[in-house]
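A.B. asks: Take a look at this one; I'll ask things after.
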Amino acid sequence: MIEFQVDGHTVTLVSPDGKPLQEGGWYCLRATGFKSWDEAQAFGNHLKTALQVASIRRMLGVDVGNGQATSSLGKVVYDQFAEQGRFVRPNIHGLDVFEDRPGTAWLNASLEGFVSTDAAGVLDDVAMLAGKVGDQESPKFDAVRLLNEALVCVEATAKLTLAIAAVEMLVQREKWTPTQKKAIAQFSKMLESDTTISDEERQELTDAVERMYNTSVIRGLRRLLAQLGLSDLWSRWSEVYNDRSRILHGLCYATPRERQGMVAPTVLLSARIVLTALNADIPGAAADLDTILLLPKIYVKFDADL
């Protein structure tokens with residue numbers, strides 16, 4: 001059991017089955033002392049968001065669930081327990097807000113596991129971030145979810161795909177600048193008045209121009225890095241991005257070991273980009289990344305010896 005403070009509340013990290021933390025597989029963050037259900041719900045949501053961000057900062061990966069029960073009993077059984085002063089709750093995978101009263105108990109489904117890292121860094125981050133989480137979820141937060149899935153995932157190719165998709169999620173709304181849009185519009189007008197091409201050719205070109213109204217993903221990624229002050233990461237990012245694309249599109253083959261070697265630099269780069277983007281919405285998300293997310297000095301391409 002570990003206790004730490006978040007916004008005036010004591011939060012306790014425990015294993016739900018009562019085992020020592022190093023022997024647990026699933027974990028709970030418990031906090032009490034709220035004046036209303038809404039206050040407890042808001043605190044829990046902030047804590048859940050902070051935990052997901054902190055897990056990326058510390059390269060752990062966390063599954064915070066969706067608030068659904070993983071196991072439950074029928075109402076008749078719950079009522080029978082209540083008559084005996086035992087208020088049994090279902091095993092909720094995610095945020096669970098309930099009345100704190102004597103006799104409260106939970107259905108217990110346990111898994112064996114182990115803790116392979118010091119929890120102090122993660123809990124310090126949670127305590128630092130929870131008070132800065134707003135009530136409205138950032139539109140960038142899907143990127144955080146994807147990156148957590150990448151960290152939890154075991155298979156290398158899936159990790160690469162999810163980690164890069166997290167960054168791509170940030171640029172899906174990128175558009176051309178007003179000057180570029182004006183030039184595209186002028187090109188469209190020129191096509192309409194050009195009598196040297198057939199109607200079919202004109203339509204094909206018009207369709208191509210219409211597709212230009214959204215920037216390419218790779219151009220959007222480069223613009224994003226510049227906006228975030230991370231242009232120095234571009235050469236590294238473009239290498240892992242291109243290698244991932246060559247593998248997924250069947251342009252080359254990388255062995256499982258070679259794909260595994262790409263995971264660390266890809267996930268670390270993605271984490272730095274996602275956290276830096278999120279920092280505007282959750283101040284502190286990108287704090288001290290130079291010391292806790294150390295990038296490899298050299299990225300070795302999986303086919304560098306060819």
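Note on naming: chains are A, B, ... as they come in the structure tokens, residues start from 1 per chain, ligands start from 1 in the order shown.
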Let's see if you can do this: from backbone DSSP, list all helix (DSSP H, G or I) residues in region 182-281 of chain A, as a ChimeraX atom specification.
C.D. replies: /A:182-193,199-211,217-227,231-248,256-278
A.B. asks: With distances taken over only C-alpha atoms, which of A:Leu60, A:Leu233, A:Met128, A:Leu21 is nearest to Ile292 (chain A)?
C.D. replies: A:Leu60
A.B. asks: What lies within 12 Å of Lys35 (chain A) using only C-alpha atoms, ignoring chain neighbours under 5 positions off, as a PyMOL selection string?
C.D. replies: chain A and resi 9+40-43+99-100
A.B. asks: Could those selected residues go to a file with C-alpha atoms, as a compact mmCIF listing (two decimals), in the first residue's frame?
C.D. replies:
# COMPACT_ATOMS: atom_id res chain seq x y z
CA HIS A 9 -7.28 14.09 -0.58
CA ALA A 40 -16.11 12.45 -6.33
CA GLN A 41 -16.84 11.76 -10.01
CA ALA A 42 -14.91 14.85 -11.14
CA PHE A 43 -11.95 13.97 -8.89
CA GLU A 99 -21.13 5.55 -0.86
CA ASP A 100 -18.38 4.79 1.69
A.B. asks: Which residue, A:Asn66, A:Ile92, A:Val97, A:Lys48, has the smallest gap to Thr32 (chain A) when you use only C-alpha atoms?
C.D. replies: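 Selected residue with least distance to Thr32 (chain A): A:Val97.
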A.B. asks: Could you tell me how far CA of Leu47 (chain A) sits from CA of Met169 (chain A), in Å to one decimal place?
C.D. replies: 23.3 Å
A.B. asks: For Gly61 (chain A), list every protein, DNA or RNA residue within 12 Å, evaluated using only C-alpha atoms, and leave out those in the same chain fewer than 3 positions away; present the list as a VMD selection string.
C.D. replies: chain A and resid 51 to 58 64 117 122 144 to 154 159 163 267 271
A.B. asks: Write the selection just made, keeping N, CA and C atoms, as an mmCIF file, in the first residue's frame?
C.D. replies:
data_model
loop_
_atom_site.group_PDB
_atom_site.id
_atom_site.type_symbol
_atom_site.label_atom_id
_atom_site.label_comp_id
_atom_site.auth_asym_id
_atom_site.auth_seq_id
_atom_site.Cartn_x
_atom_site.Cartn_y
_atom_site.Cartn_z
ATOM 1 N N LEU A 51 -3.385 9.785 -14.563
ATOM 2 C CA LEU A 51 -2.696 8.496 -14.550
ATOM 3 C C LEU A 51 -2.296 8.081 -15.961
ATOM 4 N N GLN A 52 -3.182 8.296 -16.935
ATOM 5 C CA GLN A 52 -2.866 7.917 -18.313
ATOM 6 C C GLN A 52 -1.711 8.743 -18.875
ATOM 7 N N VAL A 53 -1.703 10.042 -18.544
ATOM 8 C CA VAL A 53 -0.608 10.891 -19.012
ATOM 9 C C VAL A 53 0.690 10.510 -18.309
ATOM 10 N N ALA A 54 0.612 10.283 -16.983
ATOM 11 C CA ALA A 54 1.800 9.924 -16.211
ATOM 12 C C ALA A 54 2.399 8.609 -16.696
ATOM 13 N N SER A 55 1.545 7.665 -17.112
ATOM 14 C CA SER A 55 2.055 6.371 -17.564
ATOM 15 C C SER A 55 2.883 6.514 -18.835
ATOM 16 N N ILE A 56 2.496 7.480 -19.692
ATOM 17 C CA ILE A 56 3.292 7.718 -20.896
ATOM 18 C C ILE A 56 4.596 8.402 -20.525
ATOM 19 N N ARG A 57 4.540 9.352 -19.607
ATOM 20 C CA ARG A 57 5.756 10.034 -19.178
ATOM 21 C C ARG A 57 6.778 9.041 -18.631
ATOM 22 N N ARG A 58 6.305 7.975 -17.996
ATOM 23 C CA ARG A 58 7.197 6.996 -17.367
ATOM 24 C C ARG A 58 7.335 5.708 -18.176
ATOM 25 N N VAL A 64 -7.018 1.810 -18.008
ATOM 26 C CA VAL A 64 -7.866 2.392 -16.964
ATOM 27 C C VAL A 64 -9.316 1.941 -17.085
ATOM 28 N N THR A 117 8.797 -1.751 -11.733
ATOM 29 C CA THR A 117 9.336 -0.395 -11.684
ATOM 30 C C THR A 117 8.925 0.268 -10.380
ATOM 31 N N VAL A 122 5.604 7.579 -10.974
ATOM 32 C CA VAL A 122 4.261 7.652 -11.542
ATOM 33 C C VAL A 122 3.317 8.388 -10.590
ATOM 34 N N VAL A 144 -3.513 10.183 -26.507
ATOM 35 C CA VAL A 144 -3.027 9.603 -25.249
ATOM 36 C C VAL A 144 -3.533 8.169 -25.110
ATOM 37 N N ARG A 145 -4.786 7.945 -25.447
ATOM 38 C CA ARG A 145 -5.337 6.581 -25.363
ATOM 39 C C ARG A 145 -4.591 5.630 -26.298
ATOM 40 N N LEU A 146 -4.351 6.075 -27.527
ATOM 41 C CA LEU A 146 -3.648 5.222 -28.483
ATOM 42 C C LEU A 146 -2.239 4.890 -28.002
ATOM 43 N N LEU A 147 -1.566 5.881 -27.433
ATOM 44 C CA LEU A 147 -0.194 5.641 -26.989
ATOM 45 C C LEU A 147 -0.164 4.704 -25.786
ATOM 46 N N ASN A 148 -1.145 4.799 -24.914
ATOM 47 C CA ASN A 148 -1.228 3.833 -23.815
ATOM 48 C C ASN A 148 -1.475 2.429 -24.344
ATOM 49 N N GLU A 149 -2.307 2.300 -25.366
ATOM 50 C CA GLU A 149 -2.529 0.987 -25.968
ATOM 51 C C GLU A 149 -1.238 0.444 -26.574
ATOM 52 N N ALA A 150 -0.447 1.339 -27.161
ATOM 53 C CA ALA A 150 0.843 0.914 -27.717
ATOM 54 C C ALA A 150 1.757 0.390 -26.619
ATOM 55 N N LEU A 151 1.771 1.066 -25.467
ATOM 56 C CA LEU A 151 2.641 0.658 -24.371
ATOM 57 C C LEU A 151 2.190 -0.660 -23.749
ATOM 58 N N VAL A 152 0.889 -0.872 -23.683
ATOM 59 C CA VAL A 152 0.362 -2.103 -23.093
ATOM 60 C C VAL A 152 0.521 -3.283 -24.057
ATOM 61 N N CYS A 153 0.442 -2.992 -25.358
ATOM 62 C CA CYS A 153 0.499 -4.041 -26.381
ATOM 63 C C CYS A 153 1.826 -4.796 -26.325
ATOM 64 N N VAL A 154 1.799 -6.080 -26.671
ATOM 65 C CA VAL A 154 2.989 -6.928 -26.616
ATOM 66 C C VAL A 154 3.680 -7.032 -27.968
ATOM 67 N N LYS A 159 2.625 -2.308 -31.724
ATOM 68 C CA LYS A 159 3.141 -1.174 -30.944
ATOM 69 C C LYS A 159 3.563 -0.040 -31.872
ATOM 70 N N ALA A 163 1.638 3.567 -31.877
ATOM 71 C CA ALA A 163 2.430 4.722 -31.438
ATOM 72 C C ALA A 163 2.450 5.813 -32.500
ATOM 73 N N VAL A 267 8.312 4.687 -29.937
ATOM 74 C CA VAL A 267 7.417 5.017 -28.827
ATOM 75 C C VAL A 267 7.927 6.234 -28.060
ATOM 76 N N ALA A 271 5.854 9.614 -27.729
ATOM 77 C CA ALA A 271 5.493 10.113 -26.406
ATOM 78 C C ALA A 271 5.889 11.571 -26.233
#
A.B. asks: Would you mind listing what lies within 9 Å of Ser138 (chain A) as a PyMOL selection string, with only C-alpha atoms counted and same-chain residues fewer than 5 positions away left out?
C.D. replies: chain A and resi 278+281-282
A.B. asks: Give the strand (DSSP E) residues of region 93-253 of chain A, as assigned by DSSP on the backbone, as an MDAnalysis selection string.
C.D. replies: chainID A and resid 93 104:106
A.B. asks: Skipping near chain neighbours, those fewer than 6 positions away, what residues fall within 8 Å of Leu295 (chain A) using only C-alpha atoms, listed as a list in words?
C.D. replies: Pro265, Leu268 and Leu269 of chain A
A.B. asks: Go through A:Leu293, A:Leu225, A:Ile164, A:Leu248 one by one, measure the shortest atom-to-atom distance of each to Ser270 (chain A) using only C-alpha atoms, and give the residue with the smallest value.
C.D. replies: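 Ranked by minimum distance to Ser270 (chain A), first place goes to A:Ile164.
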A.B. asks: Could you check how far CA of Asp199 (chain A) sits from CA of Thr179 (chain A), in Å to one decimal?
C.D. replies: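 CA of Asp199 (chain A) sits 28.2 Å away from CA of Thr179 (chain A).
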